[in-house]
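Trainee: structure05.pdb is the file, holding PDB, C-alpha atoms and all ligand atoms:
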ATOM      1  CA  MET K  62       0.000   0.000   0.000
ATOM      2  CA  GLU K  63       1.242   3.438  -0.862
ATOM      3  CA  THR K  64       0.823   6.122   1.724
ATOM      4  CA  PRO K  65      -0.742   9.330   0.435
ATOM      5  CA  ILE K  66       1.707  12.201   0.054
ATOM      6  CA  SER K  67       1.242  15.890  -0.590
ATOM      7  CA  ARG K  68       0.229  16.964  -4.064
ATOM      8  CA  THR K  69       3.448  18.921  -4.532
ATOM      9  CA  ALA K  70       5.576  15.940  -3.581
ATOM     10  CA  LEU K  71       3.519  13.695  -5.819
ATOM     11  CA  ILE K  72       3.969  15.993  -8.823
ATOM     12  CA  LYS K  73       7.721  15.995  -8.240
ATOM     13  CA  LEU K  74       7.690  12.212  -8.311
ATOM     14  CA  ILE K  75       5.563  12.134 -11.451
ATOM     15  CA  ARG K  76       8.095  14.353 -13.215
ATOM     16  CA  ARG K  77      10.777  11.800 -12.462
ATOM     17  CA  LEU K  78       8.909   8.861 -13.939
ATOM     18  CA  ALA K  79      10.126   7.181 -17.091
ATOM     19  CA  GLU K  80       6.547   7.529 -18.325
ATOM     20  CA  TYR K  81       6.881  11.280 -17.978
ATOM     21  CA  GLU K  82      10.006  11.269 -20.141
ATOM     22  CA  GLN K  83       8.176   9.159 -22.684
ATOM     23  CA  TRP K  84       5.267  11.568 -22.700
ATOM     24  CA  LYS K  85       7.608  14.486 -23.326
ATOM     25  CA  ARG K  86       9.366  12.650 -26.110
ATOM     26  CA  ALA K  87       6.079  11.759 -27.775
ATOM     27  CA  VAL K  88       5.016  15.426 -27.652
ATOM     28  CA  PHE K  89       8.368  16.589 -29.107
ATOM     29  CA  ILE K  90       8.240  14.064 -31.912
ATOM     30  CA  ARG K  91       4.671  14.966 -32.825
ATOM     31  CA  ASP K  92       5.631  18.659 -32.933
ATOM     32  CA  ARG K  93       8.897  17.919 -34.751
ATOM     33  CA  PHE K  94      10.944  19.433 -31.922
ATOM     34  CA  GLN K  95       9.641  22.871 -32.763
ATOM     35  CA  CYS K  96       8.115  25.523 -30.517
ATOM     36  CA  GLN K  97       4.402  25.705 -31.239
ATOM     37  CA  LEU K  98       4.248  29.430 -30.550
ATOM     38  CA  CYS K  99       7.296  31.005 -32.177
ATOM     39  CA  GLY K 100       8.567  28.138 -34.315
ATOM     40  CA  ALA K 101      12.010  27.929 -32.668
ATOM     41  CA  ARG K 102      13.722  24.593 -32.818
ATOM     42  CA  ASN K 103      15.794  22.883 -30.198
ATOM     43  CA  GLY K 104      19.381  24.055 -30.441
ATOM     44  CA  ARG K 105      22.191  25.840 -28.734
ATOM     45  CA  LYS K 106      20.239  28.997 -28.056
ATOM     46  CA  ARG K 107      16.787  27.598 -27.629
ATOM     47  CA  VAL K 108      15.809  24.759 -25.429
ATOM     48  CA  ILE K 109      12.489  23.135 -26.041
ATOM     49  CA  GLU K 110      10.227  21.977 -23.271
ATOM     50  CA  ALA K 111       6.980  20.084 -23.108
ATOM     51  CA  ASP K 112       4.084  22.142 -21.819
ATOM     52  CA  HIS K 113       0.928  20.709 -20.315
ATOM     53  CA  LYS K 114      -1.989  22.686 -21.716
ATOM     54  CA  GLN K 115      -3.827  21.732 -18.595
ATOM     55  CA  ALA K 116      -1.296  21.971 -15.776
ATOM     56  CA  LEU K 117      -0.114  18.803 -14.133
ATOM     57  CA  SER K 118      -1.189  20.097 -10.741
ATOM     58  CA  SER K 119      -4.707  20.743 -11.933
ATOM     59  CA  LEU K 120      -4.908  17.299 -13.582
ATOM     60  CA  VAL K 121      -3.799  15.681 -10.361
ATOM     61  CA  LYS K 122      -6.360  17.655  -8.409
ATOM     62  CA  GLU K 123      -9.200  17.097 -10.849
ATOM     63  CA  ASN K 124      -8.630  13.357 -11.085
ATOM     64  CA  LYS K 125      -8.153  13.066  -7.343
ATOM     65  CA  ILE K 126      -4.779  11.406  -7.742
ATOM     66  CA  THR K 127      -3.036  10.761  -4.460
ATOM     67  CA  THR K 128      -0.533   8.030  -5.263
ATOM     68  CA  LEU K 129       1.944   7.250  -8.033
ATOM     69  CA  ALA K 130      -0.035   4.160  -8.927
ATOM     70  CA  GLU K 131      -3.124   6.286  -9.490
ATOM     71  CA  ALA K 132      -1.056   8.724 -11.526
ATOM     72  CA  LEU K 133       0.195   5.925 -13.749
ATOM     73  CA  GLY K 134      -3.321   4.654 -14.240
ATOM     74  CA  CYS K 135      -4.769   8.046 -15.124
ATOM     75  CA  PHE K 136      -5.167   8.391 -18.863
ATOM     76  CA  ALA K 137      -5.564  12.175 -18.838
ATOM     77  CA  LEU K 138      -2.094  12.556 -17.400
ATOM     78  CA  TRP K 139      -0.445  10.725 -20.269
ATOM     79  CA  ASP K 140      -2.576  12.089 -23.071
ATOM     80  CA  ILE K 141      -0.207  13.756 -25.526
ATOM     81  CA  THR K 142      -2.981  15.918 -26.917
ATOM     82  CA  ASN K 143      -2.694  17.779 -23.626
ATOM     83  CA  GLY K 144       0.945  18.513 -24.404
ATOM     84  CA  ARG K 145       2.670  20.926 -26.728
ATOM     85  CA  THR K 146       6.272  21.755 -27.476
ATOM     86  CA  LEU K 147       7.380  25.220 -26.435
ATOM     87  CA  CYS K 148      10.766  26.892 -26.281
ATOM     88  CA  HIS K 149      11.920  27.983 -22.863
ATOM     89  CA  SER K 150      10.978  31.645 -23.292
ATOM     90  CA  CYS K 151       7.489  30.926 -24.618
ATOM     91  CA  HIS K 152       6.975  28.281 -21.948
ATOM     92  CA  GLU K 153       7.814  30.716 -19.169
ATOM     93  CA  GLN K 154       5.055  32.997 -20.335
ATOM     94  CA  THR K 155       2.345  30.397 -20.017
ATOM     95  CA  GLU K 156       0.145  30.336 -16.984
ATOM     96  CA  SER K 157       0.683  26.649 -16.494
ATOM     97  CA  TYR K 158       4.454  27.080 -16.162
ATOM     98  CA  PRO K 159       5.399  25.350 -12.916
ATOM     99  CA  VAL K 160       6.396  27.747 -10.165
ATOM    100  CA  GLN K 161       9.093  25.354  -8.923
ATOM    101  CA  LEU K 162      10.848  25.576 -12.273
ATOM    102  CA  ARG K 163      10.567  29.343 -12.459
ATOM    103  CA  ARG K 164      13.045  29.691  -9.627
ATOM    104  CA  ARG K 165      15.695  27.617 -11.330
ATOM    105  CA  LYS K 166      16.162  30.045 -14.204
ATOM    106  CA  THR K 167      17.506  32.929 -12.161
ATOM    107  CA  LYS K 168      20.319  30.798 -10.772
ATOM    108  CA  LYS K 169      23.553  30.314 -12.692
ATOM    109  CA  LYS K 170      24.649  32.158 -15.808
ATOM    110  CA  GLY K 171      24.294  29.724 -18.672
ATOM    111  CA  ARG K 172      20.881  28.204 -18.816
ATOM    112  CA  LYS K 173      22.078  25.501 -21.071
ATOM    113  CA  LYS K 174      19.797  22.825 -19.812
ATOM    114  CA  CYS K 175      19.853  19.823 -22.028
ATOM    115  CA  VAL K 176      16.650  18.260 -23.116
ATOM    116  CA  SER K 177      16.821  14.697 -21.977
ATOM    117  CA  TYR K 178      15.290  11.940 -23.961
TER
HETATM  118 ZN    ZN K 201       8.883  29.824 -28.604
END
Once you've parsed the file, please lay out its structure as structure tokens.
Mentor:
Amino acid sequence: METPISRTALIKLIRRLAEYEQWKRAVFIRDRFQCQLCGARNGRKRVIEADHKQALSSLVKENKITTLAEALGCFALWDITNGRTLCHSCHEQTESYPVQLRRRKTKKKGRKKCVSY
């Protein structure tokens, strides 16, 4: 039995799942690794990211997900039609941009984060 954890902690765990990486990759491939707002492609200057049109936190809340097992079993979470490829700067301007990630940007100089897949 899994013990229920806080929604924030759960979302962190979801982001670390292999399934999450697969979801991102599927979104990137469908969008041909190109930002859906400005058309930028993944490269040295632009880093592409996968955006949830409906935020992960709101999906988790709406579907009453409290454990990783429930997250894995929730179709809405892994639906790639809820995802779109955005470059970092367009992504930051969306309302669904995760607050936890917002902080990271201001740190170090080079924000050369590699897209992992
Ligand atoms: Zn863009």
Trainee: Can you translate the PyMOL selection byres (((chain K and resi 131-133) around 10) and not hetatm) into the concrete residues it hits in this file, as an NGL selection string?
Mentor: :K and (71-72 or 74-75 or 78 or 80-81 or 120-121 or 124-130 or 134-139)
Trainee: Report as an MDAnalysis selection string which protein, DNA and RNA residues come within 7 Å of ligand ZN 201 (chain K), using all atoms listed in the file.
Mentor: chainID K and resid 96:101 147:151
Trainee: So that I can check the surroundings of Ser118 of chain K, please list as a list in words every protein, DNA and RNA residue that reaches within 9 Å of it, counting all atoms listed in the file and ignoring chain neighbours fewer than 4 positions away.
Mentor: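 Counting all atoms listed in the file, the residues come to Arg68, Thr69, Ile72, Lys122, Glu123, Ser157 and Pro159 of chain K.
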Trainee: Just want the 6 Å neighbourhood of segment 110-115 of chain K, counted on only C-alpha atoms, with same-chain residues fewer than 6 positions away dropped. Output as a VMD selection string.
Mentor: chain K and resid 85 143 to 148
Trainee: In Å, how far is it from atom CA of Arg105 of chain K to atom CA of Arg76 of chain K?
Mentor: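 Here the two named atoms are 23.9 Å from each other.
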Trainee: Which residues are close to Arg91 of chain K, i.e. within 9 Å by only C-alpha atoms, leaving aside same-chain residues fewer than 3 positions away? Reply as a ChimeraX atom specification.
Mentor: /K:86-88,94,141,145-146
